[in-house]
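**Student:** So that you have it, the file is input.cif, and it contains mmCIF, C-alpha atoms:
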data_my_file
#
loop_
_atom_site.group_PDB
_atom_site.id
_atom_site.type_symbol
_atom_site.label_atom_id
_atom_site.label_comp_id
_atom_site.auth_asym_id
_atom_site.auth_seq_id
_atom_site.Cartn_x
_atom_site.Cartn_y
_atom_site.Cartn_z
ATOM 1 C CA MET A 1331 27.092 25.223 -27.326
ATOM 2 C CA GLU A 1332 26.707 26.750 -30.798
ATOM 3 C CA ARG A 1333 24.440 23.903 -31.798
ATOM 4 C CA LEU A 1334 22.362 24.603 -28.688
ATOM 5 C CA LEU A 1335 21.981 28.275 -29.590
ATOM 6 C CA GLU A 1336 21.052 27.324 -33.147
ATOM 7 C CA GLU A 1337 18.328 25.019 -31.921
ATOM 8 C CA ILE A 1338 16.651 27.529 -29.623
ATOM 9 C CA PRO A 1339 14.512 29.316 -32.256
ATOM 10 C CA SER A 1340 13.225 26.031 -33.658
ATOM 11 C CA PHE A 1341 12.617 24.693 -30.162
ATOM 12 C CA PHE A 1342 10.457 27.510 -28.841
ATOM 13 C CA THR A 1343 7.846 27.467 -31.599
ATOM 14 C CA ILE A 1344 4.266 28.164 -30.599
ATOM 15 C CA TRP A 1345 3.342 24.458 -30.893
ATOM 16 C CA ASN A 1346 6.125 23.302 -28.641
ATOM 17 C CA VAL A 1347 5.200 25.946 -26.083
ATOM 18 C CA ILE A 1348 1.555 24.838 -26.109
ATOM 19 C CA PHE A 1349 2.695 21.204 -25.878
ATOM 20 C CA LEU A 1350 4.872 21.954 -22.854
ATOM 21 C CA GLY A 1351 2.151 24.077 -21.264
ATOM 22 C CA LYS A 1352 -0.352 21.223 -21.544
ATOM 23 C CA ALA A 1353 2.167 18.805 -20.043
ATOM 24 C CA MET A 1354 2.830 21.242 -17.208
ATOM 25 C CA GLY A 1355 -0.921 21.441 -16.600
ATOM 26 C CA VAL A 1356 -1.116 17.658 -16.309
ATOM 27 C CA THR A 1357 1.770 17.603 -13.817
ATOM 28 C CA PHE A 1358 0.168 20.390 -11.810
ATOM 29 C CA LEU A 1359 -3.252 18.695 -11.832
ATOM 30 C CA LEU A 1360 -1.775 15.359 -10.749
ATOM 31 C CA THR A 1361 0.045 16.975 -7.839
ATOM 32 C CA ALA A 1362 -2.855 19.210 -6.839
ATOM 33 C CA ILE A 1363 -5.431 16.396 -6.799
ATOM 34 C CA GLY A 1364 -3.002 14.107 -4.979
ATOM 35 C CA CYS A 1365 -2.169 16.691 -2.330
ATOM 36 C CA PHE A 1366 -5.774 17.795 -1.808
ATOM 37 C CA VAL A 1367 -7.181 14.273 -1.498
ATOM 38 C CA GLY A 1368 -4.150 13.189 0.503
ATOM 39 C CA PHE A 1369 -4.467 16.029 2.973
ATOM 40 C CA SER A 1370 -8.220 15.644 3.540
ATOM 41 C CA VAL A 1371 -8.388 11.838 3.646
ATOM 42 C CA GLY A 1372 -5.054 11.586 5.460
ATOM 43 C CA GLY A 1373 -6.330 13.986 8.115
ATOM 44 C CA LEU A 1374 -9.458 11.863 8.542
ATOM 45 C CA LEU A 1375 -7.336 8.718 8.883
ATOM 46 C CA ALA A 1376 -5.153 10.378 11.504
ATOM 47 C CA ILE A 1377 -8.216 11.546 13.449
ATOM 48 C CA PHE A 1378 -9.836 8.113 13.358
ATOM 49 C CA ARG A 1379 -6.609 6.499 14.430
ATOM 50 C CA LYS A 1380 -6.563 8.452 17.678
ATOM 51 C CA THR A 1381 -10.088 7.393 18.688
ATOM 52 C CA LYS A 1382 -10.382 4.925 21.523
ATOM 53 C CA SER A 1383 -13.804 3.287 21.155
ATOM 54 C CA LEU A 1384 -13.923 -0.473 20.683
ATOM 55 C CA LEU A 1385 -16.418 -0.155 17.826
ATOM 56 C CA LEU A 1386 -13.834 1.513 15.578
ATOM 57 C CA LEU A 1387 -11.143 -1.078 16.273
ATOM 58 C CA PRO A 1388 -11.396 -2.760 12.826
ATOM 59 C CA LEU A 1389 -11.151 0.668 11.186
ATOM 60 C CA ARG A 1390 -8.042 1.536 13.186
ATOM 61 C CA PHE A 1391 -6.523 -1.842 12.317
ATOM 62 C CA PHE A 1392 -7.264 -1.246 8.644
ATOM 63 C CA ILE A 1393 -5.717 2.234 8.763
ATOM 64 C CA VAL A 1394 -2.506 0.920 10.344
ATOM 65 C CA ILE A 1395 -2.192 -1.830 7.737
ATOM 66 C CA TYR A 1396 -2.926 0.614 4.916
ATOM 67 C CA THR A 1397 -0.338 3.214 5.922
ATOM 68 C CA GLU A 1398 2.293 0.613 6.728
ATOM 69 C CA ILE A 1399 1.879 -1.065 3.343
ATOM 70 C CA PHE A 1400 1.723 2.015 1.159
ATOM 71 C CA ARG A 1401 4.654 3.719 2.850
ATOM 72 C CA ARG A 1402 6.811 0.664 2.234
ATOM 73 C CA VAL A 1403 6.191 0.078 -1.455
ATOM 74 C CA PRO A 1404 8.085 2.267 -3.950
ATOM 75 C CA PHE A 1405 5.976 4.640 -5.997
ATOM 76 C CA LEU A 1406 7.121 3.074 -9.260
ATOM 77 C CA VAL A 1407 6.119 -0.436 -8.217
ATOM 78 C CA SER A 1408 2.687 0.579 -6.952
ATOM 79 C CA LEU A 1409 2.095 2.620 -10.110
ATOM 80 C CA LEU A 1410 2.910 -0.329 -12.361
ATOM 81 C CA LEU A 1411 0.920 -2.718 -10.188
ATOM 82 C CA MET A 1412 -2.134 -0.449 -10.401
ATOM 83 C CA PHE A 1413 -1.606 -0.094 -14.154
ATOM 84 C CA TYR A 1414 -1.602 -3.857 -14.741
ATOM 85 C CA VAL A 1415 -4.503 -4.479 -12.351
ATOM 86 C CA PHE A 1416 -6.579 -1.935 -14.261
ATOM 87 C CA GLN A 1417 -5.583 -3.568 -17.521
ATOM 88 C CA ILE A 1418 -6.571 -7.054 -16.401
ATOM 89 C CA LEU A 1419 -9.860 -6.050 -14.796
ATOM 90 C CA LYS A 1420 -10.610 -3.885 -17.883
ATOM 91 C CA VAL A 1421 -11.879 -1.052 -15.664
ATOM 92 C CA SER A 1422 -10.531 1.837 -17.650
ATOM 93 C CA ASP A 1423 -7.661 2.563 -19.987
ATOM 94 C CA ASN A 1424 -7.443 6.220 -19.059
ATOM 95 C CA LEU A 1425 -3.820 6.577 -18.019
ATOM 96 C CA PHE A 1426 -4.368 9.874 -16.238
ATOM 97 C CA LEU A 1427 -7.082 8.282 -14.083
ATOM 98 C CA ILE A 1428 -4.795 5.408 -13.104
ATOM 99 C CA ALA A 1429 -1.960 7.776 -12.205
ATOM 100 C CA THR A 1430 -4.311 10.006 -10.208
ATOM 101 C CA ILE A 1431 -5.696 7.095 -8.190
ATOM 102 C CA THR A 1432 -2.208 5.825 -7.348
ATOM 103 C CA VAL A 1433 -1.013 9.307 -6.445
ATOM 104 C CA CYS A 1434 -4.013 9.783 -4.143
ATOM 105 C CA LEU A 1435 -3.425 6.430 -2.404
ATOM 106 C CA ILE A 1436 0.259 7.150 -1.785
ATOM 107 C CA ALA A 1437 -0.300 10.754 -0.697
ATOM 108 C CA THR A 1438 -3.028 9.665 1.720
ATOM 109 C CA ALA A 1439 -0.717 7.191 3.422
ATOM 110 C CA TYR A 1440 2.211 9.621 3.731
ATOM 111 C CA ILE A 1441 0.265 12.719 4.778
ATOM 112 C CA GLY A 1442 -1.855 10.687 7.182
ATOM 113 C CA GLU A 1443 1.352 9.652 8.897
ATOM 114 C CA ILE A 1444 2.620 13.261 9.004
ATOM 115 C CA ILE A 1445 -0.636 14.516 10.541
ATOM 116 C CA ARG A 1446 -0.697 11.648 13.034
ATOM 117 C CA SER A 1447 2.802 12.502 14.201
ATOM 118 C CA GLY A 1448 1.679 16.127 14.552
ATOM 119 C CA ILE A 1449 -1.291 15.122 16.695
ATOM 120 C CA GLU A 1450 0.874 12.829 18.802
ATOM 121 C CA SER A 1451 3.424 15.585 19.422
ATOM 122 C CA ILE A 1452 0.873 17.312 21.658
ATOM 123 C CA ASN A 1453 1.314 16.394 25.294
ATOM 124 C CA GLN A 1454 -1.196 14.026 26.893
ATOM 125 C CA THR A 1455 -1.920 16.624 29.578
ATOM 126 C CA GLN A 1456 -3.515 18.844 26.950
ATOM 127 C CA TRP A 1457 -5.961 16.054 26.091
ATOM 128 C CA ASP A 1458 -6.736 15.467 29.760
ATOM 129 C CA ALA A 1459 -7.252 19.162 30.435
ATOM 130 C CA ALA A 1460 -9.564 19.534 27.449
ATOM 131 C CA GLU A 1461 -11.552 16.467 28.506
ATOM 132 C CA ALA A 1462 -11.866 17.894 32.004
ATOM 133 C CA MET A 1463 -13.436 20.972 30.413
ATOM 134 C CA ASN A 1464 -16.114 18.631 28.981
ATOM 135 C CA PHE A 1465 -15.136 19.119 25.338
ATOM 136 C CA SER A 1466 -16.256 16.483 22.838
ATOM 137 C CA TYR A 1467 -13.608 14.638 20.834
ATOM 138 C CA PHE A 1468 -13.918 16.837 17.743
ATOM 139 C CA GLN A 1469 -14.034 19.974 19.857
ATOM 140 C CA VAL A 1470 -10.783 18.938 21.513
ATOM 141 C CA LEU A 1471 -9.185 18.435 18.132
ATOM 142 C CA LYS A 1472 -10.479 21.709 16.699
ATOM 143 C CA GLU A 1473 -9.907 24.008 19.667
ATOM 144 C CA VAL A 1474 -6.898 22.520 21.446
ATOM 145 C CA ILE A 1475 -4.904 20.031 19.450
ATOM 146 C CA PHE A 1476 -4.779 21.313 15.872
ATOM 147 C CA PRO A 1477 -3.898 24.953 16.654
ATOM 148 C CA GLN A 1478 -0.787 23.643 18.393
ATOM 149 C CA ALA A 1479 -0.124 20.798 15.984
ATOM 150 C CA TRP A 1480 0.110 22.941 12.818
ATOM 151 C CA LYS A 1481 3.637 23.882 13.838
ATOM 152 C CA VAL A 1482 4.686 20.248 13.619
ATOM 153 C CA ILE A 1483 2.500 19.278 10.656
ATOM 154 C CA LEU A 1484 3.094 22.071 8.136
ATOM 155 C CA PRO A 1485 6.870 21.993 7.436
ATOM 156 C CA PRO A 1486 7.084 18.259 6.616
ATOM 157 C CA ALA A 1487 3.735 18.408 4.801
ATOM 158 C CA PHE A 1488 4.920 21.139 2.452
ATOM 159 C CA SER A 1489 8.285 19.506 1.871
ATOM 160 C CA PHE A 1490 6.299 16.383 1.004
ATOM 161 C CA PHE A 1491 4.145 18.344 -1.478
ATOM 162 C CA ILE A 1492 7.282 19.653 -3.178
ATOM 163 C CA MET A 1493 8.772 16.165 -3.245
ATOM 164 C CA PHE A 1494 5.520 15.028 -4.782
ATOM 165 C CA ILE A 1495 5.760 17.401 -7.762
ATOM 166 C CA LYS A 1496 8.979 15.614 -8.617
ATOM 167 C CA ASP A 1497 7.614 12.163 -7.816
ATOM 168 C CA THR A 1498 4.859 12.547 -10.418
ATOM 169 C CA ALA A 1499 7.663 12.416 -13.010
ATOM 170 C CA LEU A 1500 7.548 8.646 -12.493
ATOM 171 C CA ALA A 1501 4.038 8.630 -13.992
ATOM 172 C CA SER A 1502 5.777 9.106 -17.345
ATOM 173 C CA GLN A 1503 6.783 5.439 -17.019
ATOM 174 C CA ILE A 1504 3.214 4.292 -17.724
ATOM 175 C CA GLY A 1505 2.783 6.926 -20.431
ATOM 176 C CA VAL A 1506 0.926 9.812 -18.843
ATOM 177 C CA MET A 1507 1.585 12.976 -20.866
ATOM 178 C CA GLU A 1508 3.295 15.045 -18.210
ATOM 179 C CA LEU A 1509 6.456 17.150 -18.168
ATOM 180 C CA THR A 1510 9.074 14.407 -18.171
ATOM 181 C CA PHE A 1511 7.256 12.498 -20.903
ATOM 182 C CA ALA A 1512 7.000 15.692 -22.969
ATOM 183 C CA ALA A 1513 10.746 16.188 -22.574
ATOM 184 C CA LYS A 1514 11.354 12.629 -23.708
ATOM 185 C CA ILE A 1515 9.205 13.159 -26.798
ATOM 186 C CA LEU A 1516 10.988 16.424 -27.656
ATOM 187 C CA ASN A 1517 14.312 14.684 -27.144
ATOM 188 C CA ASN A 1518 13.259 11.885 -29.488
ATOM 189 C CA LYS A 1519 12.216 14.469 -32.081
ATOM 190 C CA GLY A 1520 15.864 15.464 -32.355
ATOM 191 C CA PHE A 1521 16.287 18.422 -30.048
ATOM 192 C CA SER A 1522 19.350 18.212 -27.859
ATOM 193 C CA PRO A 1523 18.760 16.566 -24.472
ATOM 194 C CA LEU A 1524 20.342 19.513 -22.700
ATOM 195 C CA LEU A 1525 17.786 21.894 -24.176
ATOM 196 C CA SER A 1526 14.658 19.761 -23.677
ATOM 197 C CA PHE A 1527 15.466 18.545 -20.180
ATOM 198 C CA GLY A 1528 16.821 21.957 -19.184
ATOM 199 C CA THR A 1529 13.493 23.537 -20.127
ATOM 200 C CA ILE A 1530 11.707 20.918 -18.030
ATOM 201 C CA LEU A 1531 14.006 21.726 -15.133
ATOM 202 C CA ILE A 1532 12.994 25.386 -15.260
ATOM 203 C CA LEU A 1533 9.306 24.493 -15.563
ATOM 204 C CA TYR A 1534 9.497 22.210 -12.520
ATOM 205 C CA PHE A 1535 11.131 25.062 -10.637
ATOM 206 C CA ILE A 1536 8.326 27.419 -11.704
ATOM 207 C CA LEU A 1537 5.811 24.895 -10.331
ATOM 208 C CA SER A 1538 7.513 24.228 -7.024
ATOM 209 C CA PHE A 1539 8.792 27.666 -6.057
ATOM 210 C CA PRO A 1540 5.352 29.297 -5.471
ATOM 211 C CA LEU A 1541 4.342 26.240 -3.446
ATOM 212 C CA ASP A 1542 7.399 26.722 -1.253
ATOM 213 C CA ARG A 1543 6.520 30.416 -0.751
ATOM 214 C CA PHE A 1544 2.926 29.457 0.007
ATOM 215 C CA GLY A 1545 4.177 26.964 2.579
ATOM 216 C CA LYS A 1546 6.272 29.651 4.272
ATOM 217 C CA TYR A 1547 3.257 31.978 4.295
ATOM 218 C CA MET A 1548 0.994 29.317 5.811
ATOM 219 C CA GLU A 1549 3.597 28.532 8.455
ATOM 220 C CA LYS A 1550 3.749 32.175 9.407
ATOM 221 C CA LYS A 1551 -0.016 32.485 9.484
ATOM 222 C CA LEU A 1552 -0.993 29.248 11.228
ATOM 223 C CA ALA A 1553 2.041 28.353 13.282
ATOM 224 C CA SER A 1554 3.642 31.564 14.448
ATOM 225 C CA ASN A 1555 4.540 32.665 17.976
ATOM 226 C CA ARG A 1556 1.795 31.147 20.073
ATOM 227 C CA ASN A 1557 3.899 30.940 23.190
ATOM 228 C CA MET Q 811 22.301 11.223 18.362
ATOM 229 C CA LYS Q 812 19.236 10.345 20.393
ATOM 230 C CA VAL Q 813 17.170 12.925 18.508
ATOM 231 C CA LEU Q 814 19.006 12.442 15.243
ATOM 232 C CA PHE Q 815 18.657 8.695 14.864
ATOM 233 C CA PRO Q 816 14.891 8.235 14.224
ATOM 234 C CA PRO Q 817 14.692 10.664 11.251
ATOM 235 C CA LEU Q 818 17.967 9.240 9.952
ATOM 236 C CA SER Q 819 16.573 5.705 9.965
ATOM 237 C CA ASN Q 820 13.403 7.026 8.348
ATOM 238 C CA HIS Q 821 15.545 8.466 5.591
ATOM 239 C CA TYR Q 822 17.259 5.124 5.171
ATOM 240 C CA ILE Q 823 13.886 3.518 4.381
ATOM 241 C CA ILE Q 824 13.065 6.288 1.898
ATOM 242 C CA MET Q 825 16.454 5.697 0.251
ATOM 243 C CA THR Q 826 15.667 1.998 -0.061
ATOM 244 C CA LEU Q 827 12.468 2.873 -1.896
ATOM 245 C CA GLY Q 828 14.301 5.455 -3.987
ATOM 246 C CA THR Q 829 16.674 2.853 -5.424
ATOM 247 C CA SER Q 830 13.738 1.421 -7.377
ATOM 248 C CA MET Q 831 14.057 4.424 -9.696
ATOM 249 C CA ALA Q 832 17.401 3.120 -10.913
ATOM 250 C CA ALA Q 833 15.404 0.496 -12.798
ATOM 251 C CA ILE Q 834 14.396 3.147 -15.342
ATOM 252 C CA PHE Q 835 17.994 3.441 -16.511
ATOM 253 C CA GLY Q 836 18.350 -0.312 -16.705
ATOM 254 C CA VAL Q 837 20.097 -1.175 -13.451
ATOM 255 C CA GLU Q 838 19.360 -4.798 -12.627
ATOM 256 C CA GLU Q 839 18.051 -4.458 -9.080
ATOM 257 C CA LEU Q 840 14.747 -5.644 -7.627
ATOM 258 C CA THR Q 841 12.436 -3.524 -9.756
ATOM 259 C CA GLY Q 842 14.707 -3.833 -12.791
ATOM 260 C CA ARG Q 843 14.667 -7.615 -12.461
ATOM 261 C CA ALA Q 844 10.874 -7.434 -12.153
ATOM 262 C CA PHE Q 845 10.755 -5.453 -15.422
ATOM 263 C CA ASN Q 846 12.876 -8.059 -17.171
ATOM 264 C CA ILE Q 847 10.896 -11.037 -15.897
ATOM 265 C CA ASN Q 848 7.716 -9.188 -16.824
ATOM 266 C CA SER Q 849 8.872 -8.740 -20.411
ATOM 267 C CA GLU Q 850 9.745 -12.441 -20.589
ATOM 268 C CA THR Q 851 6.650 -14.005 -19.051
ATOM 269 C CA PHE Q 852 3.932 -11.280 -19.094
ATOM 270 C CA ARG Q 853 2.612 -12.355 -15.691
ATOM 271 C CA SER Q 854 2.521 -8.700 -14.698
ATOM 272 C CA VAL Q 855 0.265 -8.595 -11.651
ATOM 273 C CA GLU Q 856 1.874 -11.591 -9.943
ATOM 274 C CA ILE Q 857 5.392 -10.254 -10.531
ATOM 275 C CA PHE Q 858 4.745 -6.738 -9.354
ATOM 276 C CA SER Q 859 2.731 -7.749 -6.288
ATOM 277 C CA LEU Q 860 5.568 -10.098 -5.351
ATOM 278 C CA THR Q 861 8.027 -7.219 -5.838
ATOM 279 C CA ALA Q 862 5.917 -5.027 -3.569
ATOM 280 C CA LEU Q 863 5.837 -7.831 -0.979
ATOM 281 C CA VAL Q 864 9.620 -8.188 -1.101
ATOM 282 C CA TYR Q 865 9.995 -4.436 -0.607
ATOM 283 C CA ILE Q 866 7.647 -4.571 2.393
ATOM 284 C CA VAL Q 867 9.627 -7.455 3.917
ATOM 285 C CA ILE Q 868 12.974 -5.715 3.298
ATOM 286 C CA THR Q 869 11.823 -2.448 4.863
ATOM 287 C CA PHE Q 870 10.302 -4.281 7.836
ATOM 288 C CA ILE Q 871 13.590 -6.043 8.498
ATOM 289 C CA ALA Q 872 15.431 -2.740 8.119
ATOM 290 C CA THR Q 873 13.054 -0.962 10.510
ATOM 291 C CA PHE Q 874 13.399 -3.745 13.032
ATOM 292 C CA LEU Q 875 17.200 -3.702 12.945
ATOM 293 C CA LEU Q 876 17.347 0.099 13.031
ATOM 294 C CA ALA Q 877 14.930 0.207 15.961
ATOM 295 C CA VAL Q 878 17.057 -2.322 17.860
ATOM 296 C CA ILE Q 879 20.238 -0.343 17.149
ATOM 297 C CA GLY Q 880 18.576 2.944 18.076
ATOM 298 C CA ARG Q 881 17.222 1.565 21.325
ATOM 299 C CA TYR Q 882 20.354 -0.168 22.564
ATOM 300 C CA PHE Q 883 23.050 2.240 21.401
ATOM 301 C CA PHE Q 884 21.424 5.665 21.421
ATOM 302 C CA LYS Q 885 18.448 5.187 23.773
ATOM 303 C CA ALA Q 886 16.150 6.654 21.128
ATOM 304 C CA LYS Q 887 12.405 6.097 21.418
ATOM 305 C CA MET Q 888 11.628 3.948 18.394
ATOM 306 C CA ARG Q 889 8.737 1.694 17.549
ATOM 307 C CA ILE Q 890 8.566 -0.839 14.759
ATOM 308 C CA ILE Q 891 4.915 -0.230 13.927
ATOM 309 C CA GLN Q 892 4.073 3.376 14.576
#
Could you render the structure from this file as structure tokens?

**Tutor:**
Amino acid sequence: MERLLEEIPSFFTIWNVIFLGKAMGVTFLLTAIGCFVGFSVGGLLAIFRKTKSLLLLPLRFFIVIYTEIFRRVPFLVSLLLMFYVFQILKVSDNLFLIATITVCLIATAYIGEIIRSGIESINQTQWDAAEAMNFSYFQVLKEVIFPQAWKVILPPAFSFFIMFIKDTALASQIGVMELTFAAKILNNKGFSPLLSFGTILILYFILSFPLDRFGKYMEKKLASNRN
Amino acid sequence: MKVLFPPLSNHYIIMTLGTSMAAIFGVEELTGRAFNINSETFRSVEIFSLTALVYIVITFIATFLLAVIGRYFFKAKMRIIQ
């Protein structure tokens, strides 16, 4: 404990703070891009999956295969697989790019599934009633289905986002400079593990707590007492 | 139990995927074994795609068994492919 207190002044130098801030930015960017792309593309996948025309059958088939595969492979394995594929094809050696692409693929599969379950939670009679009113497919989704489905979509979606902040820690395995990797480097420099990883713990909390509040706010705004 | 079982089985699958993280600390499970073989032979893409395939097969078997159990014992509405 005394050693810990002795180390604190040498740990929180301006350079270490900047170093940790940059790492926190990378973690935040990775999560934000993943969640944004995941939510938009995942929503599109869920919408296309509910279509019924025969022309889109290959697309629906592809979407089912895609979500089933990416939800069944661990994040670590898909990250490493993507890393080695990029290395062999010599596409790019930008580690952040590789991590971002993997994060987007995984988030798309998971959030697409969450949104699909939200759409499916709406009773079939609602679809029939909306079709009887001569709404087009996208009108039905916009005016009837989604206003009711937010209640089912938002809570698991936000818990997934918060899970995702922590999942990006695995990107440190391929060497992306994010919070966990920064903690490892500081630990290797000789600071005590309790201090370096404890700081990371607090920084992760600072990242995820506002997101949790934001989720609560969105739930109140979009999914409050409609009945 | 009828309502409880589907999310519980879902969590079981997530747990199965979560065990791959133990490889980081050097536990010799599927991903850990893949790491070791990778550092011996350097056939990275083949090894990790095979690992992914094994995970897919394992989780499919698990979903199938859990769906059967859920249907026969708890009368839960479960599908193997969503």

**Student:** For the file shown, what are the residues hit by the PyMOL selection byres ((chain A and resi 1512) around 10), laid out as a count of residues only?

**Tutor:** 23

**Student:** Just the number, please: distance in Å from CA of Arg1446 in chain A to CA of Lys885 in chain Q, one decimal.

**Tutor:**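 CA of Lys885 in chain Q lies at a distance of 22.9 Å from CA of Arg1446 in chain A.
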
**Student:** Show me which bits of chain A are within 10 Å of chain Q, counting only C-alpha atoms, as a VMD selection string.

**Tutor:** chain A and resid 1394 to 1395 1397 to 1418 1443 1446 to 1447 1500 1503

**Student:** Around (10.0, 3.9, 18.3) in the file's own coordinates, what residues are found within 12 Å if you use all atoms listed in the file, given back as a PDB file with C-alpha atoms, keeping the file's coordinate frame?

**Tutor:**
ATOM      1  CA  SER A1447       2.802  12.502  14.201  1.00  0.00           C
TER       2      SER A1447
ATOM      3  CA  LYS Q 812      19.236  10.345  20.393  1.00  0.00           C
ATOM      4  CA  VAL Q 813      17.170  12.925  18.508  1.00  0.00           C
ATOM      5  CA  PHE Q 815      18.657   8.695  14.864  1.00  0.00           C
ATOM      6  CA  PRO Q 816      14.891   8.235  14.224  1.00  0.00           C
ATOM      7  CA  PRO Q 817      14.692  10.664  11.251  1.00  0.00           C
ATOM      8  CA  SER Q 819      16.573   5.705   9.965  1.00  0.00           C
ATOM      9  CA  ASN Q 820      13.403   7.026   8.348  1.00  0.00           C
ATOM     10  CA  THR Q 873      13.054  -0.962  10.510  1.00  0.00           C
ATOM     11  CA  PHE Q 874      13.399  -3.745  13.032  1.00  0.00           C
ATOM     12  CA  LEU Q 875      17.200  -3.702  12.945  1.00  0.00           C
ATOM     13  CA  LEU Q 876      17.347   0.099  13.031  1.00  0.00           C
ATOM     14  CA  ALA Q 877      14.930   0.207  15.961  1.00  0.00           C
ATOM     15  CA  VAL Q 878      17.057  -2.322  17.860  1.00  0.00           C
ATOM     16  CA  ILE Q 879      20.238  -0.343  17.149  1.00  0.00           C
ATOM     17  CA  GLY Q 880      18.576   2.944  18.076  1.00  0.00           C
ATOM     18  CA  ARG Q 881      17.222   1.565  21.325  1.00  0.00           C
ATOM     19  CA  TYR Q 882      20.354  -0.168  22.564  1.00  0.00           C
ATOM     20  CA  PHE Q 884      21.424   5.665  21.421  1.00  0.00           C
ATOM     21  CA  LYS Q 885      18.448   5.187  23.773  1.00  0.00           C
ATOM     22  CA  ALA Q 886      16.150   6.654  21.128  1.00  0.00           C
ATOM     23  CA  LYS Q 887      12.405   6.097  21.418  1.00  0.00           C
ATOM     24  CA  MET Q 888      11.628   3.948  18.394  1.00  0.00           C
ATOM     25  CA  ARG Q 889       8.737   1.694  17.549  1.00  0.00           C
ATOM     26  CA  ILE Q 890       8.566  -0.839  14.759  1.00  0.00           C
ATOM     27  CA  ILE Q 891       4.915  -0.230  13.927  1.00  0.00           C
ATOM     28  CA  GLN Q 892       4.073   3.376  14.576  1.00  0.00           C
TER      29      GLN Q 892
END

**Student:** Give the padded box for range 1509-1517 of chain A as JSON: axis-aligned, covering all atoms listed in the file, 8 Å on each side, centre and edge lengths in Å to one decimal.

**Tutor:**
{"center_x": 10.4, "center_y": 14.8, "center_z": -22.9, "size_x": 23.9, "size_y": 20.7, "size_z": 25.5}

**Student:** Taking all atoms listed in the file into account, which of A:Lys1550, A:Ile1536, A:Val1371, A:Pro1523 comes nearest Arg1333 in chain A?

**Tutor:** A:Pro1523

**Student:** Need to verify the contact set: Gly1545 in chain A, 12 Å, only C-alpha atoms, exclusion of same-chain residues closer than 5 positions in sequence. Can you return it as an MDAnalysis selection string?

**Tutor:** chainID A and resid 1480:1481 1483:1492 1538:1540 1550:1553

**Student:** Write out the residues from the selection above, keeping C-alpha atoms, as a short mmCIF file (atom, residue, chain, number, x, y, z; two decimals), keeping the file's coordinate frame.

**Tutor:**
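Output (part-v8.cif):
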data_model
loop_
_atom_site.label_atom_id
_atom_site.label_comp_id
_atom_site.auth_asym_id
_atom_site.auth_seq_id
_atom_site.Cartn_x
_atom_site.Cartn_y
_atom_site.Cartn_z
CA TRP A 1480 0.11 22.94 12.82
CA LYS A 1481 3.64 23.88 13.84
CA ILE A 1483 2.50 19.28 10.66
CA LEU A 1484 3.09 22.07 8.14
CA PRO A 1485 6.87 21.99 7.44
CA PRO A 1486 7.08 18.26 6.62
CA ALA A 1487 3.74 18.41 4.80
CA PHE A 1488 4.92 21.14 2.45
CA SER A 1489 8.28 19.51 1.87
CA PHE A 1490 6.30 16.38 1.00
CA PHE A 1491 4.14 18.34 -1.48
CA ILE A 1492 7.28 19.65 -3.18
CA SER A 1538 7.51 24.23 -7.02
CA PHE A 1539 8.79 27.67 -6.06
CA PRO A 1540 5.35 29.30 -5.47
CA LYS A 1550 3.75 32.17 9.41
CA LYS A 1551 -0.02 32.48 9.48
CA LEU A 1552 -0.99 29.25 11.23
CA ALA A 1553 2.04 28.35 13.28
#

**Student:** What does the distance from CA of Thr1357 in chain A to CA of Ser1340 in chain A come to in Å, to one decimal?

**Tutor:**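 CA of Ser1340 in chain A lies at a distance of 24.4 Å from CA of Thr1357 in chain A.
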
**Student:** Rounded to one decimal place, report the CA of Val1347 in chain A-CA of Leu1335 in chain A distance in Å.

**Tutor:** 17.3 Å

**Student:** Might you pull out every residue within 10 Å of range 1364-1366 of chain A, with all atoms listed in the file counted and same-chain residues fewer than 6 positions away left off, and present them as an mmCIF file with C-alpha atoms, in the frame of the given file?

**Tutor:**
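This is the output file part.cif:
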data_model
loop_
_atom_site.group_PDB
_atom_site.id
_atom_site.type_symbol
_atom_site.label_atom_id
_atom_site.label_comp_id
_atom_site.auth_asym_id
_atom_site.auth_seq_id
_atom_site.Cartn_x
_atom_site.Cartn_y
_atom_site.Cartn_z
ATOM 1 C CA PHE A 1358 0.168 20.390 -11.810
ATOM 2 C CA GLY A 1372 -5.054 11.586 5.460
ATOM 3 C CA ALA A 1429 -1.960 7.776 -12.205
ATOM 4 C CA THR A 1430 -4.311 10.006 -10.208
ATOM 5 C CA ILE A 1431 -5.696 7.095 -8.190
ATOM 6 C CA THR A 1432 -2.208 5.825 -7.348
ATOM 7 C CA VAL A 1433 -1.013 9.307 -6.445
ATOM 8 C CA CYS A 1434 -4.013 9.783 -4.143
ATOM 9 C CA LEU A 1435 -3.425 6.430 -2.404
ATOM 10 C CA ILE A 1436 0.259 7.150 -1.785
ATOM 11 C CA ALA A 1437 -0.300 10.754 -0.697
ATOM 12 C CA THR A 1438 -3.028 9.665 1.720
ATOM 13 C CA ILE A 1441 0.265 12.719 4.778
ATOM 14 C CA ALA A 1487 3.735 18.408 4.801
ATOM 15 C CA PHE A 1488 4.920 21.139 2.452
ATOM 16 C CA PHE A 1490 6.299 16.383 1.004
ATOM 17 C CA PHE A 1491 4.145 18.344 -1.478
ATOM 18 C CA ILE A 1492 7.282 19.653 -3.178
ATOM 19 C CA PHE A 1494 5.520 15.028 -4.782
ATOM 20 C CA ILE A 1495 5.760 17.401 -7.762
ATOM 21 C CA THR A 1498 4.859 12.547 -10.418
#

**Student:** Can you give me, as a PyMOL selection string, the residues this file yields under the PyMOL selection byres ((chain A and resi 1471-1479) around 9)?

**Tutor:** chain A and resi 1377+1445+1447-1452+1456-1457+1460+1466-1470+1480-1484+1552-1553+1556
